[in-house]
Amino acid sequence: MRRTVLLVPSAGAGLWSARSGGVRWICAFTDETALARFAVHHGPGDRPMDYVALLGARIVDEIVPALDEPAGIAVDIADTDGAMFFPPVNGIVPPGAAVDAGLTDPTGPVGPTRPVGSSPPAGPAEGRSGREW
């Protein structure tokens, strides 16, 4: 995923995302066909859906930590058999953005670095053009 160019719809001045289970999911697609399937149900009607092409590594290393809330990537979510989710955990996102960053013992309790399910203030990605990323 890190070396893959992903197509991320832009929403106004930011990137398209959805919140579920206390996590902000950045919606990304592996090709224009997968993006088109998503756009049929969530697009701006008869207008084309704007998007940016970003390396997966740039999303997890730069964009996710800048959001200042638990965030991951949801890839090809319009495909029932090919959707992939990359949650905000160690090994996927940088340690400072991982919800399991406080885990000291795999069998012990997880200490999230930020409260999951809270409504944090708008992060730096909001209000920026997706093309600036």
# chains A, B, ... in the order shown; residues from 1 in each chain; ligands from 1
call {"tool": "residues_around", "arguments": {"residues": "His42 of chain A", "least_positions_apart": "6", "cutoff": "12 Å", "atoms": "only C-alpha atoms", "output": "ChimeraX atom specification"}}
result
/A:9,11,16-18,27,35-36,48-49,77-78
call {"tool": "write_last_selection", "arguments": {"atoms": "C-alpha atoms", "output": "tab-separated table (two decimals), in the first residue's frame"}}
result
chain	number	residue	atom	x	y	z
A	9	PRO	CA	-11.47	12.19	-3.96
A	11	ALA	CA	-14.03	17.34	-1.00
A	16	TRP	CA	-12.95	12.86	1.18
A	17	SER	CA	-13.27	10.97	4.44
A	18	ALA	CA	-15.91	9.32	6.60
A	27	CYS	CA	-11.35	7.05	1.18
A	35	LEU	CA	-13.31	5.49	-7.98
A	36	ALA	CA	-16.12	5.66	-10.56
A	48	PRO	CA	-17.05	14.72	-12.42
A	49	MET	CA	-15.57	13.87	-9.03
A	77	ILE	CA	-14.78	0.63	-0.46
A	78	ALA	CA	-17.23	0.47	-3.37
call {"tool": "closest_atom_pairs", "arguments": {"of": "segment 27-63 of chain A", "to": "segment 80-94 of chain A", "cutoff": "10 Å", "atoms": "only C-alpha atoms", "output": "Markdown table"}}
result
| residue | atom | partner | partner_atom | distance |
| --- | --- | --- | --- | --- |
| A:Cys27 | CA | A:Phe85 | CA | 9.6 |
| A:Ala28 | CA | A:Met84 | CA | 9.8 |
| A:Phe29 | CA | A:Ala83 | CA | 9.3 |
| A:Ala34 | CA | A:Gly82 | CA | 9.8 |
| A:Ala57 | CA | A:Val93 | CA | 9.0 |
| A:Ile59 | CA | A:Val93 | CA | 9.1 |
| A:Val60 | CA | A:Val93 | CA | 5.3 |
| A:Asp61 | CA | A:Pro94 | CA | 6.3 |
| A:Glu62 | CA | A:Pro94 | CA | 9.1 |
call {"tool": "select_by_dssp", "arguments": {"residues": "segment 41-102 of chain A", "states": "alpha helix (DSSP H)", "output": "PyMOL selection string"}}
result
chain A and resi 41-42+56-58+64-66
call {"tool": "closest_residue", "arguments": {"among": "A:Gly45, A:Leu55, A:Ile73, A:Asp50", "to": "Thr4 of chain A", "atoms": "only C-alpha atoms"}}
result
A:Leu55
